[in-house]
Amino acid sequence: MIEHAGIIDRIEGDMAHVKIHSVSGCASCHAKGVCSAADQEEKYLDVVLKGAAYAPGEAVQVQVAKHLGFQAVALGYVYPFLLLMAVLIAFTAAGTPELRAGSYALLSIVPYYLVLFLLRKRIGSAFTFSIKKTN
Amino acid sequence: MEYVIIIIAAVFVSNIVLNQFLGICPFIVVSSKVETAIGMTGAVTFVMVISTLVTYLIYQSVLVPLELVYMRTITFILVIASLVQLVEIILKKISPPLYQALGIFLPLITTNCAVLGVAVLAVQKDFNLLESTVFAIGNALGFGLALITFSGIREQLDLLKVPARMKGVPIAFIVAGLMALAFMGFAGIV
Amino acid sequence: MNQWKNFSKGLIKENAVFALFLGLCPTLGVTTSAINGLAMGLATTFVLAMSNLVVSLVKNVIPDKVRIPAFIVIIASFVTVVELVMKGYVPALFDALGLFIPLIVVNCVVLGRAEAFASKNTVWSSIVDGLGMGIGFTLSLTVLGAVRELLGSGAFFGMKLISGDALLLFILPPGAFLALGYLLVLVNMLKEKTA
Amino acid sequence: MSMLATLFVVTLVAAALMGSVYALTKEPIRLAELKKKNEAIQVVVPGFDNEPSTEVRRLFIDGDSIFLYTARKGDEVLGTAVETFTNEGFSGEIKLMVGFALDGTIIDIAVVKHAETPGLGDKMVKGKSDFSVQFMGKDPNNFKLAVKKDRGDVDAITASTITSRAYCDAVKRAHRAWTEAQ
Amino acid sequence: MNKFIVSPSPHTYTDESVPKLMYGVIISLLPALAVSVWFFGIGMIVVTSVSIASCILFEYLIQRYMMKVKPSHLDGSALITGLLLAFCLPANIPFWMVMIGALAAVGIGKMTFGGLGNNIFNPALVGRVFLFISFPVAMTAWPEAGQWMQYTDAVTGATPLGMMKEGLAFKTVGEIMPEVPSFLHLLSGKMMGSSGEVSALALLVGMLYMMYRKIISWHIPVSILATVFVFTGVLWLANPDRFADPLFHLLTGGLMLGAIFMATDYVTSPMTHKGMIIYGVGIGVVTVLIRTFGAYPEGVQFAILIFNGFTPLINKFVKPKRFGKEVSRG
Amino acid sequence: MNLKTFSRGGVHPPEHKLSSGLAIEELPLPEVVVIPVSQHLGAPAKVIVDRGDQVKIGQVIAQSEGFVSTNIHSSVSGKVLKVDKFMDSSGYRKMAVQIQVEGEDWEETIDRTDDLVRNTVLKSEAIRKKILEAGIVGLGGATFPTHVKLMVPKGKIAEYLIINGVECEPYLTADHALMMQRTEEVFAGILVLMKGLGVEKAIVGIENNKPDAILKMKQVAKGSKVQVQGLKVKYPQGGEKQLVQALLKREVPSGGLPIDVGVVVFNVGTALAAYDAVNKNRPLIDRVVTVTGKSLEKPSNFLVRIGTPVSYLVEKAGGLPGDTAKVINGGPMMGKALSTLDVPVVKGSSGILLISEAEARRKEVLPCIRCTKCVTVCPMGLEPYLMMSLSEKARYERMESEKVLDCIECGSCSYTCPSSRPLLDYIRLGKAEVGKIMRARKAV
Amino acid sequence: MSQIIIYTIITLVAIGSAAAIILYFVAQKFNVYEDPRIDEVEAVLPAANCGGCGFPGCRNFAETLVKSESWEDLFCPVGGNETMASVATLLGREAIEQAPRVAVIRCNGTPEFRPRFNEYDGAPTCAIAHSLYSGEGGCPHGCLGEGDCVVVCAFDAIHMDPVTDLPVVVDDKCTACGACVDACPRNIIELRKKNKKDRKIYVSCINEEKGAVAKKNCSVACIGCSKCFKVCPYEAITMENNLAFIDSDKCKLCRKCAPECPTDSILELHFPPKKEITEPVEAEVSE
Ligand SMILES: Cc1cc2nc3c(=O)[nH]c(=O)nc-3n(C[C@H](O)[C@H](O)[C@H](O)COP(=O)(O)O)c2cc1C
Ligand SMILES: Cc1cc2nc3c(=O)[nH]c(=O)nc-3n(C[C@H](O)[C@H](O)[C@H](O)COP(=O)(O)O)c2cc1C
Ligand SMILES: Cc1cc2nc3c(=O)[nH]c(=O)nc-3n(C[C@H](O)[C@H](O)[C@H](O)COP(=O)(O)O)c2cc1C
Ligand SMILES: Cc1cc2nc3c(=O)[nH]c(=O)nc-3n(C[C@H](O)[C@H](O)[C@H](O)CO)c2cc1C
Ligand code: SF4
Ligand code: SF4
Ligand code: SF4
Ligand code: SF4
Ligand code: FES
């Protein structure tokens with residue numbers, strides 16, 4: 001389980017809209033005001049509520065299974081990276097000029113993301129979160 | 001073989017964090033969980049490679065022909081800043097849950113320093129395209145190696161009795177120093 | 001806010017290196033000697049103060065949404081200016097600082113951001129803030145540089161104080177980390193004392 | 001739209017600023033680089049009054065270019081400064097400027113660029129130790145450019161055999177270039 | 001009525017204790033110490049006593065005046081650190097350098113982390129590498145054996161590994177071998193090198209004693225030595241002119257000292273047998289890499305330090321085999 | 001003989017079996033007994049007698065409350081003095097019945113003859129019922145109600161009955177004495193239990209430091225389906241998971257019970273009690289207790305009525321030695337320290353061990369030097385050093401994933417630690433907290 | 001030369017605009033806006049990050065304060081009313097006052113009153129001792145004296161008194177964060193209303209055993225005799241499970257109960273020496 005502190009922003013039906021800070025600990029870091037450009041973000045998650053009652057403003061821990069974290073990294077970053085490298089190496093080996101090989105490599109991740117987009121339903125259902133009260 | 005050498009050099013001999021001093025801030029501040037560090041490595045690899053690739057292309061196809069090499073810094077930082085964000089937007093658009101999972105799992109990829117540094121180094125070293133990307137991979141792995149090792153050490157120190165005044169950032173630097181000391185052993189391997 | 005307070009907070013309370021742990025790459029990378037640290041610090045201060053000045057001048061003209069890109073462009077331009085000038089007039093120093101000159105961009109984006117966002121401030125206080133932040137940064141780099149130079153080559157600002165062997169380690173990478181680590185411990189101990 | 005416009009203006013101004021600074025510093029930068037080179041040549045073939053950096057020959061040796069600069073005083077050729085390199089240094093590349101007299105003896109050697117360890121390898125820099133002195137006036141044809149450990153004639157810097165070897169390697173390369181150029 | 005003592009179980013304990021273990025290690029270091037004194041005479045005595053005294057003193061001072069805790073300088077661990085630090089220094093190194101090394105070892109390597117049990121890196125090696133990087137000249141001048149009365153003025157020479165590294169620049173292994181000490185000398189320790197590392201035989205005796213006392217298990221030393229043997233063996237078979245034979249590698253440099261006494265340091269090595277073997281193999285591989293391809297003739301100390309850094313990760317991922325498979329219980 | 005043993009971890013503390021080979025000595029009745037109603041794992045029994053009532057030996061005085069619970073019988077005859085809370089070996093005052101001993105008045109149903117009843121005519125269900133009524137609980141220490149263990153859960157099949165004659169704890173000799181002196185009855189008890197469980201095969205595991213018991217049991221078991229197996233001496237061989245693995249090479253899964261691998265384990269004492277209950281109608285009213293200690297004048301194996309004060313036992317064994325600083329109910333590895341001698345013997349008391357001043361105190365706790373000894377000796381493959389750190393820092397969730405609940409509390413880790421770290425103390429704390437967390441989770 | 005400048009401009013404008021468009025998008029998608037009042041509120045909070053407010057850290061609390069409609073149950077015990085008032089002014093709202101509280105140790109079982117008849121030698125934590133047995137003295141409710149409460153206190157407000165073997169709360173330092181209350185396995189610690197001059201009256205015992213048993217183990221145990229209960233004019237005392245309890249919110253510090261107690265288990269602290277006629281002291285709450 002990976003946990004991340006968050007705060008319930010609002011609740012709609014059995015769906016909680018939870019706000020998390022993208023860096024854990026950022027919230028109370030003294031340097032937060034000066035932390036890197038455009039990087040301190042608040043992200044929002046939708047979590048299906050089960051059981052216990054929650055109220056907006058409540059501090060919670062958002063949980064996601066560890067392997068899902070790795071899976072997300074793989075889907076979001078590692079696979080496109082591998083694809084990009086494969087295309088790049090293939091074209092370079094075939095003697096394509098650098099500029100073109102490089103562009104092809106970059107372009108190759110477009111269809112990758114497209115495929116991801118098409119599969120978004122399935123991906124979406126794989127990534128589920130749960131929350132628990134901070135004690 | 002030369003690619004292997006580039007990677008080994010970047011990972012061990014002149015490790016980006018321990019020897020080149022790039023990306024120190026996230027290294028010191030972020031790395032407290034091994035799992036996160038591993039995930040970070042994956043993300044950073046992608047970001048570094050794609051940034052290096054794009055900056056390389058722009059450098060060689062725009063800046064060099066137009067004799068605008070001096071604009072390297074400004075172009076690179078603009079390109080990198082937007083690229084990193086672009087990837088995030090795309091991910092968010094594609095699959096919010098995926099993006100959300102990343103949000104929980106990873107801290108921000110605030111390695112601008114390292115990304116920019118690697119892009120600049122790659123053109124400084126006169127690498128060709130493939131070499132540049134491999135160089136980027138090597139550095140990303142080097143960053144990851146340092147980060148993961150360090151997060152392991154942190155997890156352990158967390159359970160031990162480190163004197164109060166050493167806790168947190170000071171001990172992080174000292175551990176980094178000792179790791180750098182150990183990594184000096186790799187000098188000259190390539 | 002009192003200008004002095006505004007200036008001095010960057011020196012100690014919000015010192016970039018010792019309190020906020022920001023801008024660590026150049027802090028470690030260039031401080032093989034006090035003079036390098038000083039130079040790097042001054043270059044950063046210049047960019048910081050100038051970009052703060054410009055940003056606060058144009059803050060009313062620039063819409064919020066493009067503030068970040070505009071800010072990056074402004075900072076990066078100043079960095080390029082510094083780069084070019086150093087290359088032309090102090091080439092030796094430029095060589096010594098190397099890669100870390102372009103990286104000033106990143107650091108200034110980081111260090112100057114609070115300023116950019118707290119856009120309530122006047123032009124004057126923006127500069128003061130930038131200067132304070134920058135001088136604080138310079139101070140830390142110079143101190144670290146001096147310590148490493150002293151231990152590592154037995155010299156102070158290039159003046160050899162002891163002949164013979166010094167602790168070479170301190171001008172090499174591990175020494176950078178160790179020196180900064182123990183300086184931070186020292187800071188903690190001082191805090192303990194004053195607390 | 002106003003956003004794009006402001007951005008446009010900002011980049012425009014920034015570009016103008018950079019462009020002009022670039023224009024302004026272009027010459028000083030060129031001069032600074034030249035000066036560095038000339039200073040090195042001055043050290044290794046002193047006394048010229050021409051502009052050696054304009055009298056360049058370029059040779060390809062070991063996959064990289066080596067530049068030879070001719071130094072004259074009036075019409076008299078004083079010697080040749082050879083800008084040479086080696087990749088065998090303890091910390092990567094070392095660049096040297098080696099001055100050869102007309103008879104092929106080494107006048108002097110200057111280090112142009114290096115990243116050797118301060119206090120160890122950097123003793124090869126003239127003035128930091130007597131290491132480079134031993135090369136002065138030697139003819140590489142009868143002064144074996146190798147450290148004594150490798151059965152050559154060069155006294156290595158203490159605890160810096162690697163640097164010393166690299167140094168010899170660079171000088172040897174310079175000598176080869178010089179010979180080839182003759 | 002008696003006032004009974006109440007505590008949770010168990011109510012009986014072994015006789016082992018930390019000081020007993022530590023002094024066990026010290027006993028097993030004695031043969032090597034004796035051999036070294038025999039070869040390096042007064043130099044060895046000065047370096048060793050300064051090292052031990054400084055380590056204990058620094059530990060005491062730091063605990064007493066900086067950490068403000070009850071000093072534990074006599075539990076034997078500082079003594080081991082001092083002894084091992086001395087063992088990996090040349091016997092002719094000036095005593096003030098030894099003191100700096102001791103300060104680095106105990107101050108940086110151990111007390112910074114909170115003292116015994118908390119450190120990540122092997123203190124003695126931190127001290128050693130600190131000195132090595134800081135004073136490369138003094139740290140690579142090795143006194144020749146047999147100079148009983150010389151200290152810093154001893155005649156110096158190269159270690160067998162150094163000779164090998166130097167020699168390979170222009171000679172083949174075959175040409176170098178006659179110059180390095182004979183097999184018998186390598187075994188007994190009549191060669192140049194760090195003061196305590198020279199005698200493979202004495203160190204092996206120490207290892208057997210420690211194994212007999214169950215102070216260490218075989219996993220770490222054996223996996224290191226076996227890895228070095230196999231790896232250098234493969235290289236040697238591939239090109240006997242470029243690579244020295246495995247026996248040479250086993251018996252030279254700090255390999256024995258490192259594998260038996262330093263890699264086995266409890267605090268900085270993995271907690272499971274599987275982990276120990278991963279650690280040992282890693283150290284072996286990196287040692288050989290540094291020795292044969294790196295800038296330094298010797299690599300054990302770096303290899304151990306590097307894997308000290310990896311130890312927490314090994315501990316995190318290499319778990320003992322738990323009893324019983326997991327079943328999900330609703 | 002190729003000796004079997006379990007594969008992972010274990011220690012070998014000095015055995016000190018002082019009372020080994022001594023005959024079981026039946027103690028005269030004390031004047032007053034105190035019989036706690038919670039002598040077993042599970043819900044306490046409900047008292048059904050009142051102050052002033054006259055009770056007989058073997059009469060039920062507290063009735064089982066729920067499935068995992070069992071009856072409590074009076075071990076003496078006489079008058080109920082009080083039904084109140086009394087200090088017992090748990091360290092707290094718990095509900096108990098205090099009885100003034102008057103004469104020897106047995107329940108009539110009990111067969112008190114010495115005749116050996118070899119065969120049991122009853123069916124498995126009837127056997128379980130008798131065992132439940134007789135208040136039999138595991139005498140190996142855990143005091144888990146035996147009738148529960150005889151009920152094989154649906155979907156599981158019992159294949160083997162294992163009889164635990166290991167007695168791996170130092171000092172203790174009660175089981176040894178039983179096997180030597182009551183061999184036939186123990187064997188008959190095994191048959192009863194086999195029948196109760198419906199299994200065909202049984203194995204008796206005995207450590208090799210009791211060769212006479214191995215021999216004797218083998219003789220009795222000759223020709224039956226009961227196999228007797230000698231085991232290499234290693235603590236905690238008596239732990240059921242270890243014993244099952246030693247004998248059958250089957251590993252009880254984490255969080256599982258022996259029945260998950262087709263095995264049910266009972267102590268020899270339990271077998272004897274089952275015999276008494278089923279074939280002799282005799283409830284569990286007494287047990288063999290080893291009273292021992294290095295300074296004790298007369299270490300003994302006593303047959304003691306439940307409820308007898310510990311002080312009485314000590315007195316009969318020669319009196320409390322002056323240097324006694326710790327009194328353990330049970331063995332030195334798993335036993336519980338008593339704060340006073342004024343507590344009764346209960347069904348789970350296998351021994352009373354007196355430890356002298358010199359050995360009673362723990363040593364100074366030093367920092368963990370990561371010597372790996374605790375990891376090496378842990379029979380469950382856990383990392384005690386890590387557990388303790390986690391427990392100290394209250395990282396209970398991590399402890400859960402490190403499988404702290406697998407710990408059988410054998411104490412090998414604390415025993416072996418050269419830094420004298422109270423590993424098991426903290427692990428127990430962690431187990432309790434993890435248990436709380438898990439229960440809370442289930443409740444949501 | 002001017003050509004270079006033109007190229008520079010063109011390139012930079014091109015790249016700059018492209019970047020700007022992307023970054024603009026980003027700025028829109030990730031609205032970085034954070035209520036600046038959160039920072040301000042956080043600055044006012046004590047920064048102890050102790051969790052006394054029920055939130056993981058001061059910032060989370062600040063956020064909640066800014067966002068919540070109702071401030072019920074939102075209180076920073078560390079900063080107290082003063083801090084809550086400043087926060088309220090900052091946000092232009094009404095503060096909810098809470099009577100300041102302070103931890104008291106409801107056990108007075110010093111060795112003198114509660115003799116120790118055995119010696120605990122396990123790991124020095126109350127939690128472990130508690131799970132093992134009743135303790136060194138016979139009272140199964142009494143303080144174990146291993147100081148778990150001391151360890152958890154982030155304000156250095158509790159220490160063990162080596163003579164009494166009981167913890168002592170330093171009223172001035174105690175912020176009523178409740179960490180010790182949670183830490184004590186015996187539930188001995190209670191947060192009670194803080195009175196003027198730190199005056200307090202409370203039953204310093206939580207033993208629920210029958211009077212005789214309790215008394216046997218500890219001479220100052222509450223034996224549940226109800227005498228105090230009967231004498232209290234304000235109904236501040238309740239009796240349950242052989243134990244008296246004084247509700248600090250109802251108690252008016254009249255001091256009638258204490259002299260009634262046959263076992264001296266009601267403690268009166270920081271009162272002036274008793275006059276002959278006891279009159280009710282005005283129950284004033286220190287601010
Ligand atoms: C931190 C450090 C830096 C070093 N830098 C150099 C160097 O720049 N040049 C060099 O030749 N040797 C350098 N060495 C020394 C080599 O490692 C090695 O000792 C030497 O090359 C061989 O020794 P010798 O010259 O005495 O034969 C350095 C050593 C250390 C520990
Ligand atoms: C560490 C440990 C050691 C044990 N040693 C013994 C033992 O020596 N003899 C024994 O009968 N039970 C021992 N037990 C108890 C057994 O695990 C098991 O509970 C018992 O054999 C089951 O039989 P019962 O229900 O008849 O008590 C031990 C348990 C543990 C956890
Ligand atoms: C909560 C709990 C439930 C148990 N349930 C069963 C069961 O259903 N069947 C069974 O045969 N034994 C059951 N047991 C008994 C165990 O198998 C074991 O004999 C007992 O816990 C004592 O073992 P020990 O002394 O090794 O700890 C249970 C024990 C516990 C603690
Ligand atoms: C088998 C063994 C090996 C040891 N090896 C070392 C060592 O290499 N270096 C050292 O400083 N201390 C060593 N020690 C001592 C001690 O563990 C060490 O000082 C700790 O690392 C300090 O926390 C050793 C101790 C033992 C028991
Ligand atoms: S952790 Fe548990 S099972 Fe393992 S040795 Fe310790 S007490 Fe025994
Ligand atoms: S036995 Fe003790 S010292 Fe050794 S690892 Fe375990 S806890 Fe640490
Ligand atoms: S004494 Fe208790 S309530 Fe008071 S501050 Fe300390 S932990 Fe909090
Ligand atoms: S009050 Fe509670 S926590 Fe504090 S020492 Fe007493 S028993 Fe322990
Ligand atoms: S300066 Fe912070 S990461 Fe480089």
# chains A, B, ... in the order shown; residues from 1 in each chain; ligands from 1

$ residues_near_ligand --ligand "ligand 3" --cutoff "8 Å" --atoms "only C-alpha atoms and all ligand atoms" --output "list in words"
Leu41, Gly138, Gly140, Gly141, Ala142, Thr143, Phe144, Pro145, Thr146, Val148, Lys149, Leu150, Met151, Val152, Pro153, Gly238, Gly239, Glu240, Lys241, Leu257, Pro258, Ile259, Val264, Val265, Phe266 and Ile408 of chain F

$ residues_near_ligand --ligand "ligand 4" --cutoff "6 Å" --atoms "only C-alpha atoms and all ligand atoms" --output "PyMOL selection string"
chain E and resi 21-22+25+77-78+80-81+110+115-119+122-124+216+261-262+264-267

$ write_last_selection --atoms "N, CA, C and O atoms" --output "PDB file, in the first residue's frame"
ATOM      1  N   LEU E  21      31.846 -10.697  21.838  1.00  0.00           N
ATOM      2  CA  LEU E  21      31.994 -10.868  20.390  1.00  0.00           C
ATOM      3  C   LEU E  21      33.134  -9.996  19.871  1.00  0.00           C
ATOM      4  O   LEU E  21      33.975 -10.437  19.088  1.00  0.00           O
ATOM      5  N   MET E  22      33.133  -8.766  20.333  1.00  0.00           N
ATOM      6  CA  MET E  22      34.144  -7.825  19.841  1.00  0.00           C
ATOM      7  C   MET E  22      35.542  -8.307  20.228  1.00  0.00           C
ATOM      8  O   MET E  22      36.459  -8.294  19.411  1.00  0.00           O
ATOM      9  N   VAL E  25      36.705 -10.973  18.025  1.00  0.00           N
ATOM     10  CA  VAL E  25      37.266 -10.497  16.758  1.00  0.00           C
ATOM     11  C   VAL E  25      38.706 -10.048  16.977  1.00  0.00           C
ATOM     12  O   VAL E  25      39.601 -10.328  16.177  1.00  0.00           O
ATOM     13  N   SER E  77      34.312  -2.187  20.215  1.00  0.00           N
ATOM     14  CA  SER E  77      34.099  -1.880  18.808  1.00  0.00           C
ATOM     15  C   SER E  77      35.047  -0.787  18.335  1.00  0.00           C
ATOM     16  O   SER E  77      35.572  -0.843  17.223  1.00  0.00           O
ATOM     17  N   ALA E  78      35.297   0.182  19.183  1.00  0.00           N
ATOM     18  CA  ALA E  78      36.241   1.228  18.799  1.00  0.00           C
ATOM     19  C   ALA E  78      37.639   0.640  18.674  1.00  0.00           C
ATOM     20  O   ALA E  78      38.430   1.042  17.815  1.00  0.00           O
ATOM     21  N   ILE E  80      38.321  -2.377  17.690  1.00  0.00           N
ATOM     22  CA  ILE E  80      38.387  -3.046  16.392  1.00  0.00           C
ATOM     23  C   ILE E  80      38.559  -2.024  15.284  1.00  0.00           C
ATOM     24  O   ILE E  80      39.387  -2.189  14.387  1.00  0.00           O
ATOM     25  N   THR E  81      37.785  -0.968  15.359  1.00  0.00           N
ATOM     26  CA  THR E  81      37.905   0.059  14.331  1.00  0.00           C
ATOM     27  C   THR E  81      39.347   0.551  14.263  1.00  0.00           C
ATOM     28  O   THR E  81      39.935   0.650  13.186  1.00  0.00           O
ATOM     29  N   LYS E 110      31.050   6.768  12.310  1.00  0.00           N
ATOM     30  CA  LYS E 110      30.287   6.088  13.349  1.00  0.00           C
ATOM     31  C   LYS E 110      29.412   7.035  14.174  1.00  0.00           C
ATOM     32  O   LYS E 110      28.197   6.882  14.215  1.00  0.00           O
ATOM     33  N   GLY E 115      26.511   6.271  16.658  1.00  0.00           N
ATOM     34  CA  GLY E 115      27.334   5.302  17.371  1.00  0.00           C
ATOM     35  C   GLY E 115      27.048   3.869  16.992  1.00  0.00           C
ATOM     36  O   GLY E 115      26.336   3.596  16.023  1.00  0.00           O
ATOM     37  N   LEU E 116      27.600   2.985  17.793  1.00  0.00           N
ATOM     38  CA  LEU E 116      27.565   1.553  17.498  1.00  0.00           C
ATOM     39  C   LEU E 116      26.164   1.110  17.058  1.00  0.00           C
ATOM     40  O   LEU E 116      25.171   1.377  17.720  1.00  0.00           O
ATOM     41  N   GLY E 117      26.139   0.431  15.934  1.00  0.00           N
ATOM     42  CA  GLY E 117      24.881  -0.142  15.489  1.00  0.00           C
ATOM     43  C   GLY E 117      24.082   0.735  14.551  1.00  0.00           C
ATOM     44  O   GLY E 117      23.176   0.259  13.899  1.00  0.00           O
ATOM     45  N   ASN E 118      24.405   1.997  14.490  1.00  0.00           N
ATOM     46  CA  ASN E 118      23.590   2.890  13.675  1.00  0.00           C
ATOM     47  C   ASN E 118      24.233   3.253  12.347  1.00  0.00           C
ATOM     48  O   ASN E 118      23.573   3.794  11.472  1.00  0.00           O
ATOM     49  N   ASN E 119      25.535   3.014  12.264  1.00  0.00           N
ATOM     50  CA  ASN E 119      26.224   3.516  11.079  1.00  0.00           C
ATOM     51  C   ASN E 119      25.889   2.697   9.841  1.00  0.00           C
ATOM     52  O   ASN E 119      25.544   1.528   9.908  1.00  0.00           O
ATOM     53  N   ASN E 122      31.180   1.206   6.942  1.00  0.00           N
ATOM     54  CA  ASN E 122      32.193   0.652   7.832  1.00  0.00           C
ATOM     55  C   ASN E 122      33.142   1.758   8.295  1.00  0.00           C
ATOM     56  O   ASN E 122      33.845   2.356   7.483  1.00  0.00           O
ATOM     57  N   PRO E 123      33.157   2.037   9.593  1.00  0.00           N
ATOM     58  CA  PRO E 123      33.954   3.171  10.068  1.00  0.00           C
ATOM     59  C   PRO E 123      35.423   3.085   9.683  1.00  0.00           C
ATOM     60  O   PRO E 123      36.000   4.066   9.225  1.00  0.00           O
ATOM     61  N   ALA E 124      36.021   1.928   9.874  1.00  0.00           N
ATOM     62  CA  ALA E 124      37.450   1.819   9.579  1.00  0.00           C
ATOM     63  C   ALA E 124      37.700   2.131   8.112  1.00  0.00           C
ATOM     64  O   ALA E 124      38.689   2.795   7.759  1.00  0.00           O
ATOM     65  N   ILE E 216      31.255 -15.099  13.106  1.00  0.00           N
ATOM     66  CA  ILE E 216      30.762 -14.827  11.763  1.00  0.00           C
ATOM     67  C   ILE E 216      30.361 -16.152  11.118  1.00  0.00           C
ATOM     68  O   ILE E 216      30.763 -17.225  11.556  1.00  0.00           O
ATOM     69  N   PHE E 261      37.379  -9.553   7.684  1.00  0.00           N
ATOM     70  CA  PHE E 261      37.141  -8.717   8.856  1.00  0.00           C
ATOM     71  C   PHE E 261      36.303  -7.477   8.594  1.00  0.00           C
ATOM     72  O   PHE E 261      35.698  -6.935   9.507  1.00  0.00           O
ATOM     73  N   MET E 262      36.310  -6.998   7.366  1.00  0.00           N
ATOM     74  CA  MET E 262      35.640  -5.716   7.162  1.00  0.00           C
ATOM     75  C   MET E 262      34.275  -5.870   6.490  1.00  0.00           C
ATOM     76  O   MET E 262      33.339  -5.176   6.847  1.00  0.00           O
ATOM     77  N   THR E 264      32.537  -8.316   6.883  1.00  0.00           N
ATOM     78  CA  THR E 264      31.700  -9.068   7.826  1.00  0.00           C
ATOM     79  C   THR E 264      31.195  -8.222   8.979  1.00  0.00           C
ATOM     80  O   THR E 264      30.439  -8.711   9.799  1.00  0.00           O
ATOM     81  N   ASP E 265      31.636  -6.973   9.035  1.00  0.00           N
ATOM     82  CA  ASP E 265      31.159  -6.115  10.118  1.00  0.00           C
ATOM     83  C   ASP E 265      29.633  -6.222  10.185  1.00  0.00           C
ATOM     84  O   ASP E 265      28.932  -5.934   9.230  1.00  0.00           O
ATOM     85  N   TYR E 266      29.161  -6.654  11.335  1.00  0.00           N
ATOM     86  CA  TYR E 266      27.725  -6.873  11.495  1.00  0.00           C
ATOM     87  C   TYR E 266      26.884  -5.688  11.058  1.00  0.00           C
ATOM     88  O   TYR E 266      25.893  -5.808  10.359  1.00  0.00           O
ATOM     89  N   VAL E 267      27.297  -4.547  11.585  1.00  0.00           N
ATOM     90  CA  VAL E 267      26.437  -3.374  11.477  1.00  0.00           C
ATOM     91  C   VAL E 267      26.183  -3.004  10.022  1.00  0.00           C
ATOM     92  O   VAL E 267      25.109  -2.542   9.666  1.00  0.00           O
TER      93      VAL E 267
END

$ interface_residues --of "chain E" --to "chain F" --cutoff "9 Å" --atoms "only C-alpha atoms" --output "JSON, numbers by chain"
{"E": [2, 3, 4, 5, 6, 7, 8, 9, 10, 11, 12, 13, 14, 15, 16, 17, 18, 19, 20, 21, 115, 116, 117, 118, 215, 216, 265, 266, 267, 268, 269, 270, 271, 272, 273, 319, 320, 321, 322, 323, 324, 325, 326, 327, 328, 329]}

$ closest_residue --among "D:Thr117, D:Asn87, D:Ser160, D:Thr70" --to "D:Arg58" --atoms "only C-alpha atoms"
D:Thr70

$ residues_around --residues "stretch 51-57 of chain D" --least-positions-apart "3" --cutoff "7 Å" --atoms "only C-alpha atoms" --output "VMD selection string"
chain D and resid 38 67 to 71

$ atom_distance --atom1 "atom CA of D:Phe48" --atom2 "atom CA of C:Gly88"
24.8 Å

$ residues_near_ligand --ligand "ligand 8" --cutoff "8 Å" --atoms "only C-alpha atoms and all ligand atoms" --output "list in words"
Ile105, Arg106, Cys107, Thr125, Cys126, Ala127, His130, Gly142, Cys143, Leu144, Gly145, Glu146, Gly147, Asp148, Cys149, Val150, Met160, Leu166, Pro167, Cys180, Val181, Ala183, Cys184, Pro185, Arg186, Asn187, Ile188 and Ile189 of chain G

$ interface_residues --of "chain C" --to "chain D" --cutoff "8 Å" --atoms "only C-alpha atoms" --output "number ranges by chain"
C: 61-63, 65-66, 70, 73-74, 77-78, 80-81, 84-85, 87-89, 91, 153, 168
